[in-house]
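K.L.:
Shown below is the structure under consideration.
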Amino acid sequence: MITLDDVRLDDYFTPHDIANEIYRQLPELSFPVPIFEIAYQCRIELIRNFEDFALGESIKDYPEGYWTTPKDEFDIGIILYKDHEIAPYRKHFTIAHELGHHLLPLHRNTASFNDLKEFYALSEEQKKEKVLKLTKEGKIESEEFEKEANKFANLILLPKHLLIKEFEGKEFCLRYLNEVSHLTQVSFSTVANRSCSILKDKAIALIHAENGVCNYTWSNKDNLPGLLRVGKKQPLPKDSIFANHKGETYEHFTEKEPVDVQTWFSDIEDGFDKIVFEQTYYQKKGFSITLVIIE
Ligand SMILES: [Zn+2]
């Protein structure tokens with residue numbers, strides 16, 4: 001059982017300062033961070049799966065999460081989330097993200113869950129019109145708000161001080177990141193990206209792909225020995241270990257093996273004499289994450 005003086009949180013306005021205040025009050029927190037308990041301590045009255053509210057309707061097109069507040073009571077919140085059977089940890093990030101909207105003072109809006117249900121019943125054309133109207137009224141979350149809420153979710157679920165302690169003396173590889181994902185109960189890709197951002201001194205690139213085609217990359221760009229050869233919507237390099245892999249491609253890790261620097265980089269810096277390693281985690285449904293790390 002944790003207790004949080006949430007009135008103190010009202011003095012803070014950025015994801016960083018709010019997360020810091022929570023950790024200042026709860027220095028004993030460890031992985032997995034109890035996000036439900038923290039949310040309930042911050043005047044979130046209810047956290048529920050969308051399914052419980054949809055009354056048999058399909059929730060396929062619903063957003064990952066939703067935060068709302070009873071009218072005229074802005075400090076009380078309700079969080080709804082989507083649950084995914086194949087990604088059970090994803091809801092923790094969703095809830096943390098929505099809690100960010102609840103705690104960041106500028107994010108609060110007054111749309112109710114009924115508004116949302118009505119919205120999803122509209123035709124595509126009507127949806128566009130409605131979004132345009134709501135945006136003008138300032139009621140739709142802007143991209144900036146989304147980024148801030150994601151930042152808060154990362155800071156609260158994967159705080160730097162706990163992760164750094166966790167990484168001490170460990171070899172950075174995808175199998176180990178998978179252990180951290182289970183320890184923190186945060187999805188593998190979120191843990192991998194956050195770890196890369198925290199370990200600023202390492203030369204790491206993560207290539208998120210679907211059926212061998214890059215969805216996006218995440219890297220410590222300044223530490224890489226050259227320009228990464230792969231970007232959004234491009235296939236992974238022909239001579240990569242990934243492209244020549246013959247074995248299992250479902251929930252499978254390849255070994256972390258050395259690969260030619262030219263495979264992954266162009267415009268390589270003069271005198272580069274380190275070793276480039278490549279490793280892939282084949283996830284479900286054709287998704288994969290490839291680690292390229294220079295050691
Ligand atoms: Zn959001």
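We label chains A, B, ... in the order they appear in the structure tokens, count residues from 1 in each chain, and number ligands from 1 in the order shown.
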Contacts of stretch 95-101 of chain A at 7 Å or less, counting only C-alpha atoms, minus same-chain residues fewer than 5 places along, as a ChimeraX atom specification?
P.N.:
/A:35,39,65-67,79,81,107-108,149-150,152-153
K.L.:
Next, write the just-selected residues to a file, as a compact mmCIF listing (two decimals), in the first residue's frame, keeping C-alpha atoms as the atom set.
P.N.:
```
# COMPACT_ATOMS: atom_id res chain seq x y z
CA ILE A 35 0.82 2.14 -11.82
CA ALA A 39 -3.16 6.41 -10.30
CA GLY A 65 -6.79 4.68 -23.77
CA TYR A 66 -9.08 7.44 -22.67
CA TRP A 67 -9.16 9.84 -19.78
CA ILE A 79 -9.24 6.00 -17.14
CA TYR A 81 -7.87 1.25 -21.57
CA HIS A 107 -4.23 18.50 -20.81
CA ARG A 108 -7.57 18.33 -19.07
CA ALA A 149 1.92 12.10 -21.90
CA ASN A 150 4.25 9.50 -23.46
CA PHE A 152 5.44 11.01 -18.43
CA ALA A 153 4.63 7.30 -18.98
```
K.L.:
Among stretch 145-237 of chain A, which residues does DSSP mark as strand (DSSP E or B) when it is run on the backbone? Keep the chain and numbering as in the structure and answer as an mmCIF file with N, CA and C atoms, in the first residue's frame.
P.N.:
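Result went into part32.cif, see below:
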```cif
data_model
loop_
_atom_site.group_PDB
_atom_site.id
_atom_site.type_symbol
_atom_site.label_atom_id
_atom_site.label_comp_id
_atom_site.auth_asym_id
_atom_site.auth_seq_id
_atom_site.Cartn_x
_atom_site.Cartn_y
_atom_site.Cartn_z
ATOM 1 N N ALA A 203 26.830 3.079 -28.323
ATOM 2 C CA ALA A 203 26.489 3.231 -29.745
ATOM 3 C C ALA A 203 25.484 2.140 -30.100
ATOM 4 N N ILE A 204 24.203 2.518 -30.072
ATOM 5 C CA ILE A 204 23.122 1.540 -30.252
ATOM 6 C C ILE A 204 22.152 2.030 -31.321
ATOM 7 N N ALA A 205 21.701 1.109 -32.182
ATOM 8 C CA ALA A 205 20.573 1.412 -33.070
ATOM 9 C C ALA A 205 19.587 0.257 -32.951
ATOM 10 N N LEU A 206 18.306 0.600 -32.897
ATOM 11 C CA LEU A 206 17.256 -0.429 -32.848
ATOM 12 C C LEU A 206 16.411 -0.265 -34.099
ATOM 13 N N ILE A 207 16.240 -1.355 -34.842
ATOM 14 C CA ILE A 207 15.467 -1.281 -36.078
ATOM 15 C C ILE A 207 14.178 -2.069 -35.867
ATOM 16 N N HIS A 208 13.068 -1.341 -35.796
ATOM 17 C CA HIS A 208 11.754 -1.968 -35.588
ATOM 18 C C HIS A 208 11.181 -2.266 -36.972
ATOM 19 N N ALA A 209 10.879 -3.542 -37.224
ATOM 20 C CA ALA A 209 10.440 -3.912 -38.578
ATOM 21 C C ALA A 209 9.203 -4.799 -38.545
ATOM 22 N N GLU A 210 8.560 -4.853 -39.701
ATOM 23 C CA GLU A 210 7.404 -5.728 -39.882
ATOM 24 C C GLU A 210 7.631 -6.463 -41.192
ATOM 25 N N VAL A 213 10.551 -5.213 -43.243
ATOM 26 C CA VAL A 213 10.584 -3.819 -43.702
ATOM 27 C C VAL A 213 10.566 -2.903 -42.470
ATOM 28 N N CYS A 214 11.471 -1.942 -42.475
ATOM 29 C CA CYS A 214 11.637 -1.061 -41.311
ATOM 30 C C CYS A 214 10.392 -0.200 -41.062
ATOM 31 N N ASN A 215 9.885 -0.239 -39.834
ATOM 32 C CA ASN A 215 8.793 0.664 -39.431
ATOM 33 C C ASN A 215 9.364 1.978 -38.932
ATOM 34 N N TYR A 216 10.375 1.878 -38.071
ATOM 35 C CA TYR A 216 11.093 3.067 -37.591
ATOM 36 C C TYR A 216 12.377 2.618 -36.916
ATOM 37 N N THR A 217 13.281 3.568 -36.767
ATOM 38 C CA THR A 217 14.528 3.249 -36.064
ATOM 39 C C THR A 217 14.640 4.133 -34.827
ATOM 40 N N TRP A 218 15.392 3.660 -33.857
ATOM 41 C CA TRP A 218 15.622 4.396 -32.612
ATOM 42 C C TRP A 218 17.111 4.252 -32.319
ATOM 43 N N SER A 219 17.821 5.343 -32.158
ATOM 44 C CA SER A 219 19.271 5.183 -31.974
ATOM 45 C C SER A 219 19.897 6.326 -31.195
ATOM 46 N N LEU A 227 26.318 6.695 -41.163
ATOM 47 C CA LEU A 227 24.869 6.846 -41.360
ATOM 48 C C LEU A 227 24.231 5.464 -41.449
ATOM 49 N N LEU A 228 23.143 5.278 -40.718
ATOM 50 C CA LEU A 228 22.434 4.001 -40.744
ATOM 51 C C LEU A 228 21.863 3.801 -42.148
ATOM 52 N N PRO A 235 13.560 -2.096 -46.783
ATOM 53 C CA PRO A 235 13.883 -3.436 -46.292
ATOM 54 C C PRO A 235 15.225 -3.439 -45.561
#
```
K.L.:
Please extract the residues of stretch 180-282 of chain A with a backbone DSSP assignment of alpha helix (DSSP H) and present them as a PyMOL selection string.
P.N.:
chain A and resi 180-184+188-198+261-264
K.L.:
Restricted to N, CA and C atoms, what would the selected residues look like written as a short mmCIF file (atom, residue, chain, number, x, y, z; two decimals), in the first residue's frame?
P.N.:
```cif
data_model
loop_
_atom_site.label_atom_id
_atom_site.label_comp_id
_atom_site.auth_asym_id
_atom_site.auth_seq_id
_atom_site.Cartn_x
_atom_site.Cartn_y
_atom_site.Cartn_z
N VAL A 180 14.23 -7.54 -18.65
CA VAL A 180 13.84 -6.24 -18.07
C VAL A 180 12.38 -5.94 -18.39
N SER A 181 11.93 -6.33 -19.59
CA SER A 181 10.53 -6.13 -19.96
C SER A 181 9.61 -6.89 -19.00
N HIS A 182 9.97 -8.12 -18.67
CA HIS A 182 9.14 -8.89 -17.73
C HIS A 182 9.24 -8.33 -16.31
N LEU A 183 10.45 -7.90 -15.93
CA LEU A 183 10.65 -7.33 -14.60
C LEU A 183 9.82 -6.06 -14.41
N THR A 184 9.82 -5.20 -15.44
CA THR A 184 9.14 -3.91 -15.32
C THR A 184 7.67 -3.98 -15.74
N PHE A 188 8.26 -4.88 -24.63
CA PHE A 188 9.66 -5.01 -25.04
C PHE A 188 10.15 -3.78 -25.80
N SER A 189 9.37 -3.31 -26.78
CA SER A 189 9.87 -2.21 -27.61
C SER A 189 10.03 -0.92 -26.79
N THR A 190 9.11 -0.67 -25.85
CA THR A 190 9.23 0.53 -25.01
C THR A 190 10.48 0.44 -24.14
N VAL A 191 10.71 -0.75 -23.56
CA VAL A 191 11.90 -0.94 -22.72
C VAL A 191 13.17 -0.77 -23.55
N ALA A 192 13.18 -1.34 -24.76
CA ALA A 192 14.38 -1.25 -25.61
C ALA A 192 14.68 0.21 -25.95
N ASN A 193 13.67 0.95 -26.40
CA ASN A 193 13.89 2.35 -26.79
C ASN A 193 14.33 3.20 -25.60
N ARG A 194 13.68 3.00 -24.48
CA ARG A 194 14.00 3.80 -23.29
C ARG A 194 15.43 3.48 -22.82
N SER A 195 15.82 2.20 -22.88
CA SER A 195 17.17 1.82 -22.46
C SER A 195 18.21 2.48 -23.35
N CYS A 196 17.92 2.49 -24.64
CA CYS A 196 18.83 3.13 -25.60
C CYS A 196 18.98 4.61 -25.24
N SER A 197 17.87 5.28 -24.94
CA SER A 197 17.92 6.72 -24.61
C SER A 197 18.70 6.97 -23.32
N ILE A 198 18.54 6.06 -22.35
CA ILE A 198 19.20 6.27 -21.06
C ILE A 198 20.70 6.00 -21.14
N VAL A 261 30.85 -3.68 -40.72
CA VAL A 261 30.34 -2.33 -40.46
C VAL A 261 29.60 -1.75 -41.68
N GLN A 262 30.05 -2.14 -42.88
CA GLN A 262 29.44 -1.65 -44.13
C GLN A 262 28.00 -2.12 -44.31
N THR A 263 27.69 -3.25 -43.66
CA THR A 263 26.34 -3.80 -43.79
C THR A 263 25.30 -2.79 -43.31
N TRP A 264 25.61 -2.15 -42.21
CA TRP A 264 24.62 -1.29 -41.57
C TRP A 264 24.88 0.21 -41.73
#
```
K.L.:
Could you tell me which of A:Lys285, A:Lys274, A:Lys238, A:Arg175 comes closest to A:Lys256 if we count only C-alpha atoms?
P.N.:
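Selected residue with least distance to A:Lys256: A:Arg175.
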K.L.:
Using only C-alpha atoms and all ligand atoms for the distances, tell me which of A:Lys60, A:Lys151, A:Lys128, A:Lys232 is nearest to ligand 1.
P.N.:
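The closest residue to ligand 1 is A:Lys151.
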K.L.:
Excluding stretch 15-30 of chain A and its own-chain neighbours fewer than 2 positions away, which residues fall within 6 Å of it when counting only C-alpha atoms? Please give them as number ranges by chain.
P.N.:
A: 12, 33, 152, 156
K.L.:
Select, from A:Glu125, A:Glu85, A:Glu248, A:Glu148, the residue with the minimum atom-to-atom distance to ligand 1, counting only C-alpha atoms and all ligand atoms.
P.N.:
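Ranked by minimum distance to ligand 1, first place goes to A:Glu148.
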K.L.:
Using only C-alpha atoms, which of the listed residues (A:Arg43, A:Lys284, A:Lys130, A:Lys200) sits closest to A:Ile164?
P.N.:
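Checking each candidate against A:Ile164, we get A:Lys200 as the closest.
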K.L.:
Choose the residue, out of A:Glu171, A:Glu45, A:Glu144, A:Glu166, that has the smallest atom-to-atom separation from A:Ile76; count only C-alpha atoms.
P.N.:
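Checking each candidate against A:Ile76, we get A:Glu45 as the closest.
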K.L.:
Give me, please, the distance in Å between atom CA of A:Thr280 and atom CA of A:Phe167, quoted to one decimal.
P.N.:
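Separating atom CA of A:Thr280 from atom CA of A:Phe167 is a distance of 19.8 Å.
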K.L.:
Rounded to one decimal place, report the atom CA of A:Gln279-atom CA of A:Asn154 distance in Å.
P.N.:
24.3 Å
K.L.:
Have a look at A:Phe145, A:Ile44, A:Asp83, A:Ile78 and name the one nearest to ligand 1; count only C-alpha atoms and all ligand atoms.
P.N.:
A:Phe145
K.L.:
Might you pull out every residue within 6 Å of A:Tyr281, with only C-alpha atoms counted and same-chain residues fewer than 5 positions away left off, and present them as a PDB file with N, CA and C atoms, in the first residue's frame?
P.N.:
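New file around_7.pdb:
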```pdb
ATOM      1  N   HIS A 252      11.559 -15.610 -31.164  1.00  0.00           N
ATOM      2  CA  HIS A 252      12.870 -16.228 -31.227  1.00  0.00           C
ATOM      3  C   HIS A 252      13.972 -15.175 -31.200  1.00  0.00           C
ATOM      4  N   PHE A 253      15.037 -15.449 -30.466  1.00  0.00           N
ATOM      5  CA  PHE A 253      16.200 -14.552 -30.440  1.00  0.00           C
ATOM      6  C   PHE A 253      17.336 -15.180 -31.233  1.00  0.00           C
ATOM      7  N   SER A 288       9.571  -7.597 -35.728  1.00  0.00           N
ATOM      8  CA  SER A 288      10.908  -7.908 -35.221  1.00  0.00           C
ATOM      9  C   SER A 288      11.611  -6.636 -34.766  1.00  0.00           C
ATOM     10  N   ILE A 289      12.575  -6.820 -33.875  1.00  0.00           N
ATOM     11  CA  ILE A 289      13.436  -5.706 -33.457  1.00  0.00           C
ATOM     12  C   ILE A 289      14.868  -6.175 -33.606  1.00  0.00           C
TER      13      ILE A 289
END
```
K.L.:
Atom CA of A:Leu80 and atom CA of A:Ile47 are how many Å apart?
P.N.:
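So the two atoms, atom CA of A:Leu80 and atom CA of A:Ile47, lie 5.8 Å apart.
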